[in-house]
Amino acid sequence: MMDKTTRIDKALEQVLDSHSVMVGGFGAPGTPFILLDHLLEQGSSDLTLIKNDANEPGMGISKLLEAGRVRTLIASHIGLNPIAVALMNRREIEVELYPQGILAEKIRAGGAGLLGVLTDIGLDTILRESRQVVHMEGREAILEPALRADTALIHAAVADRAGNLIFARSARNFCPLMAMAADTVIVEVEKVVPTGTLDPDAVHLPGAFVDHLVVLDALTPDYGVLPNHVI
Amino acid sequence: MMDKTTRIDKALEQVLDSHSVMVGGFGAPGTPFILLDHLLEQGSSDLTLIKNDANEPGMGISKLLEAGRVRTLIASHIGLNPIAVALMNRREIEVELYPQGILAEKIRAGGAGLLGVLTDIGLDTILRESRQVVHMEGREAILEPALRADTALIHAAVADRAGNLIFARSARNFCPLMAMAADTVIVEVEKVVPTGTLDPDAVHLPGAFVDHLVVLDALTPDYGVLPNHVI
Amino acid sequence: MSFKEKIAARAAREVQAGQVINLGIGIPTMIPDYLPAEADVFIQAENGILGIGPRCRNGDEDRNLIDAGANYVTLAPGASFFDSAVSFAIIRGGRVDLSFLGTLEVAANGDLANWIIPGKMAPGIGGGMELAQKAKRVVVTTSHTTRDGAPKILARCTLPLTARACVKTIITELAVIDITPHGLMLREIARESGLEEVQEKTGAPLLFAEGEIPRF
Amino acid sequence: MSFKEKIAARAAREVQAGQVINLGIGIPTMIPDYLPAEADVFIQAENGILGIGPRCRNGDEDRNLIDAGANYVTLAPGASFFDSAVSFAIIRGGRVDLSFLGTLEVAANGDLANWIIPGKMAPGIGGGMELAQKAKRVVVTTSHTTRDGAPKILARCTLPLTARACVKTIITELAVIDITPHGLMLREIARESGLEEVQEKTGAPLLFAEGEIPRF
């Protein structure tokens, strides 16, 4: 029977210098902290990272940013990470920022084998200055090209060995979209169940999109409730 | 507590003559046969129907086609319905046909508040003759405008009173996409459970997209295993 | 009651039963505390939740359950989860009835500017632009003036826009103001404030109906 | 064994373990009957299934479980369901390893024409155009000639194309033919057929390697 479980080092060796890497997660939930920690150890550099946000200092992709491994960051909002903001302001990293749902659609379009989407979001703003505007059916539209990456790193709650995934609560966010949009998809997962035991109606992402499953033995504190966000 | 259950006649009176109506289903599964039967009884005419296929003679939207209630049919493949093919060939209905996944994306784009999608599907075929072709990033792309409708009629297996839906197996198909893409969404459902009893991770379509739930007392034979498809 | 609480409490009264609402960061996240139990609304969060419940109590945090402002939240009955594309389909598809947003500037014609101060602050766009442009109704909740006392409500925005002519109502600690085709219409005024004060702190002329202006 | 069964049986041998495969209507749907148990493939259907199982036996039909050809099907372990947009994301996103399609015409350069006969047959496009254009490998399974005995394999298609230069291999009751940069390469020949017969019934020149051509 198909078994996509892979050792973490084996899976991550497919991430090469100057690769583009999509990273799941909105804030902490869905962020593959352990994959990112190993990517840091592995020494990969000159990366283009695509993530909704920049995590927070000392966590997740911020470790890669802080270590100077990132050339370009494509995101929606990095306001919770002052280190990332400072790197951007000092032009030590290149940052592309998109409206959040448009970032999601660009990634989804890449995953769906489309070339792009057309939107009116931002048409009346400074965004249009840096965009291709097309005329369709008597109106204007911003053309947003699809986004794909060499690799996607995502976190899932449960998987079967064929790669079918289930996400937990608000940890779903960008994960399934990114898994559709990368040439190689590496998933860290909290729990693996035998193939055939998941309800086919309850699967959030079909296994066809998953290349490697890295089974986590234990979670690091980054996965826990973050004290700085407890009111 | 919010309760979207509605009497079938009350729900369907929102469908007016010359309205556009998206109809869920791929073949029989997911087709809202009872809503369609009532729409026929109600006498609505000059309709634009949007469905993957044309069902089969004597079933589903074919009843509306046969009764002369349809001006335009937007679909992907109507080969299983010779009556629909004959109406098309005699030009008694106008038919627009799209590649199946592009039809899905046009509807989804409408649902996602996009203006359209860009695709290379059909670029080397006669499809391009009737399409807007745009140049982006040094290549050509077919511009497929988003599709929306006045009403969507879909079938679901289970709902709560807030309109959260769960579909059964291959009956999901176009249903969630169409529910996103219509101004008024009417869902016929086999079973209603109290709000709060569905697993929030298992909901296929969030209730925000649903306006009216019509609870089915019993299913008609159209919903059963179709003898002509049993090998 | 702090000025923020006052604004949140007043804003809560704009909510109608059965609505899908979205709460921006800051003051808007305080609004649920002031919603009556019978409000029966669905609170949506951009990161993929419909049906946020009452404020999360210390110790009840779920590591996988935060809102778009990264605050731990709870669930209401009938909640559901979905990915970020579906989440913004709800927003751009027009299924958010009411979006509460904070702002840097808002203009008399409803223009909103709340995401960038060129050369100074540009952490990103987030979900605000789509909410501002596509929610059925946008209500701005904001302090009436900047910390320096300068008006935030202006004849025209000076900062780059988030969306054009999108705001329907402005709620501050001093006033409730509707954006109308004729300009800013003062709908209500705070108990402890006066008409002169509100006009003085507002960067565009205020219209108001004849007679007593309701207090809040 | 009918000629269709012969084609399906031979086509099954093109499948590799671990692949995601899609089966067009007609002959392709017979292929699973000839897959060895250890094949370990996932069969995808455009209407939203990954993981179709063995042929559905009479009486086992599930009213909610059909494939894209409207046949009742069963599920394999590890199956999943999804909507039509996700289904075609699998296809256009390049996650279908192998697509078996029937055809009206196929050309020596891999052009495929299988969806329309202008003025005669135009029931729609279905999922075939996206499969033809985007599957990693397209194998055509077809009778070698039309009912009238005319070649279906041509130097150039005469009908409007489904997709350009997409077919990698053609499997008929007479031969297995690869599309190469140099033209049609005869890889295998049916036991009961001969080289002359195959060339005669093929509308473009056949190349073949030196020595004995393997039989099937």
# chains A, B, ... in the order shown; residues from 1 in each chain; ligands from 1

$ select_by_dssp --residues "range 66-102 of chain B" --states "strand (DSSP E)" --output "list in words"
Val70, Arg71, Thr72, Leu73, Ile74, Ala75, Glu94, Val95, Glu96 and Leu97 of chain B

$ interface_residues --of "chain B" --to "chain D" --cutoff "8 Å" --atoms "only C-alpha atoms" --output "PyMOL selection string"
chain B and resi 26-27+29-30+75-79+85+97-101+104-105+108+121-122+124-126+168-177+223-226+229-231

$ select_by_dssp --residues "range 21-131 of chain B" --states "alpha helix (DSSP H)" --output "VMD selection string"
chain B and resid 33 to 42 61 to 66 82 to 89 100 to 111

$ residues_around --residues "Lys63 in chain A" --least-positions-apart "3" --cutoff "12 Å" --atoms "only C-alpha atoms" --output "ChimeraX atom specification"
/A:33-41,43,54-60,66-70,81,83-84

$ closest_residue --among "A:Ala156, A:Val134, A:Ile8, A:Ala179" --to "chain B" --atoms "only C-alpha atoms"
A:Val134

$ interface_residues --of "chain A" --to "chain B" --cutoff "8 Å" --atoms "only C-alpha atoms" --output "NGL selection string"
:A and (113-120 or 134 or 141 or 167-169 or 200-202)

$ write_last_selection --atoms "N, CA, C and O atoms" --output "mmCIF file, in the first residue's frame"
data_model
loop_
_atom_site.group_PDB
_atom_site.id
_atom_site.type_symbol
_atom_site.label_atom_id
_atom_site.label_comp_id
_atom_site.auth_asym_id
_atom_site.auth_seq_id
_atom_site.Cartn_x
_atom_site.Cartn_y
_atom_site.Cartn_z
ATOM 1 N N GLY A 113 -3.981 25.217 -11.663
ATOM 2 C CA GLY A 113 -3.497 25.208 -13.038
ATOM 3 C C GLY A 113 -4.062 26.335 -13.881
ATOM 4 O O GLY A 113 -4.153 26.232 -15.099
ATOM 5 N N LEU A 114 -4.459 27.424 -13.219
ATOM 6 C CA LEU A 114 -4.884 28.625 -13.937
ATOM 7 C C LEU A 114 -3.685 29.553 -14.098
ATOM 8 O O LEU A 114 -2.677 29.407 -13.396
ATOM 9 N N LEU A 115 -3.784 30.514 -14.998
ATOM 10 C CA LEU A 115 -2.679 31.456 -15.183
ATOM 11 C C LEU A 115 -2.836 32.692 -14.314
ATOM 12 O O LEU A 115 -1.882 33.431 -14.105
ATOM 13 N N GLY A 116 -4.023 32.914 -13.826
ATOM 14 C CA GLY A 116 -4.237 34.075 -12.969
ATOM 15 C C GLY A 116 -5.707 34.324 -12.740
ATOM 16 O O GLY A 116 -6.554 33.569 -13.222
ATOM 17 N N VAL A 117 -5.975 35.386 -11.971
ATOM 18 C CA VAL A 117 -7.363 35.773 -11.708
ATOM 19 C C VAL A 117 -7.515 37.261 -12.006
ATOM 20 O O VAL A 117 -6.533 38.007 -12.070
ATOM 21 N N LEU A 118 -8.748 37.670 -12.188
ATOM 22 C CA LEU A 118 -9.080 39.063 -12.450
ATOM 23 C C LEU A 118 -9.910 39.588 -11.302
ATOM 24 O O LEU A 118 -10.885 38.942 -10.892
ATOM 25 N N THR A 119 -9.525 40.751 -10.798
ATOM 26 C CA THR A 119 -10.204 41.267 -9.612
ATOM 27 C C THR A 119 -10.360 42.774 -9.692
ATOM 28 O O THR A 119 -9.583 43.451 -10.379
ATOM 29 N N ASP A 120 -11.355 43.277 -8.978
ATOM 30 C CA ASP A 120 -11.486 44.728 -8.857
ATOM 31 C C ASP A 120 -10.941 45.224 -7.525
ATOM 32 O O ASP A 120 -10.998 46.428 -7.242
ATOM 33 N N VAL A 134 -6.515 45.068 -17.236
ATOM 34 C CA VAL A 134 -7.092 44.666 -18.520
ATOM 35 C C VAL A 134 -8.539 45.159 -18.597
ATOM 36 O O VAL A 134 -9.170 45.429 -17.576
ATOM 37 N N ALA A 141 -10.176 45.534 -14.915
ATOM 38 C CA ALA A 141 -9.871 44.506 -13.916
ATOM 39 C C ALA A 141 -8.365 44.442 -13.727
ATOM 40 O O ALA A 141 -7.603 44.612 -14.675
ATOM 41 N N PHE A 167 -7.202 19.022 8.681
ATOM 42 C CA PHE A 167 -6.631 20.131 9.441
ATOM 43 C C PHE A 167 -7.510 20.398 10.660
ATOM 44 O O PHE A 167 -8.685 20.039 10.679
ATOM 45 N N ALA A 168 -6.920 21.058 11.652
ATOM 46 C CA ALA A 168 -7.668 21.343 12.871
ATOM 47 C C ALA A 168 -8.036 22.811 12.941
ATOM 48 O O ALA A 168 -7.179 23.686 12.920
ATOM 49 N N ARG A 169 -9.328 23.081 12.955
ATOM 50 C CA ARG A 169 -9.863 24.401 13.252
ATOM 51 C C ARG A 169 -9.225 25.512 12.409
ATOM 52 O O ARG A 169 -9.092 25.377 11.200
ATOM 53 N N PRO A 200 -14.162 9.350 3.753
ATOM 54 C CA PRO A 200 -13.846 10.052 2.494
ATOM 55 C C PRO A 200 -14.550 11.402 2.347
ATOM 56 O O PRO A 200 -14.054 12.276 1.643
ATOM 57 N N ASP A 201 -15.674 11.577 3.016
ATOM 58 C CA ASP A 201 -16.381 12.858 2.966
ATOM 59 C C ASP A 201 -15.738 13.908 3.871
ATOM 60 O O ASP A 201 -16.051 15.092 3.780
ATOM 61 N N ALA A 202 -14.889 13.479 4.788
ATOM 62 C CA ALA A 202 -14.333 14.392 5.792
ATOM 63 C C ALA A 202 -12.911 14.825 5.481
ATOM 64 O O ALA A 202 -12.331 15.642 6.194
#

$ closest_residue --among "D:Leu154, D:Ile52, D:Ala12, D:Gly26" --to "Ala39 in chain D" --atoms "only C-alpha atoms"
D:Ala12

$ atom_distance --atom1 "CA of Leu103 in chain B" --atom2 "CA of Ile31 in chain D"
28.2 Å

$ residues_around --residues "Phe3 in chain D" --least-positions-apart "3" --cutoff "7 Å" --atoms "only C-alpha atoms" --output "CSV table (one decimal) with C-alpha atoms, in the first residue's frame"
chain,number,residue,atom,x,y,z
D,6,LYS,CA,-7.9,-6.6,-25.5
D,7,ILE,CA,-7.2,-2.9,-25.7
D,173,GLU,CA,-6.5,-3.8,-30.9

$ residues_around --residues "range 207-222 of chain B" --least-positions-apart "6" --cutoff "8 Å" --atoms "only C-alpha atoms" --output "MDAnalysis selection string"
(chainID B and resid 4:8 11 28 33:34 59 161:165 179:180 184:192) or (chainID C and resid 20 50 90 95)

$ residues_around --residues "Met178 in chain A" --least-positions-apart "5" --cutoff "7 Å" --atoms "only C-alpha atoms" --output "CSV table (one decimal) with C-alpha atoms, in the first residue's frame"
chain,number,residue,atom,x,y,z
A,22,MET,CA,5.2,28.2,0.4
A,24,GLY,CA,1.3,27.3,5.6
A,107,ILE,CA,-1.9,30.7,-4.7
A,152,ALA,CA,5.1,23.8,0.1

$ atom_distance --atom1 "CA of Gly78 in chain C" --atom2 "CA of Ile43 in chain C"
10.9 Å

$ residues_around --residues "Thr29 in chain C" --least-positions-apart "5" --cutoff "9 Å" --atoms "only C-alpha atoms" --output "list in words"
Ala8, Leu23, Gly24, Gly69 and Phe100 of chain C
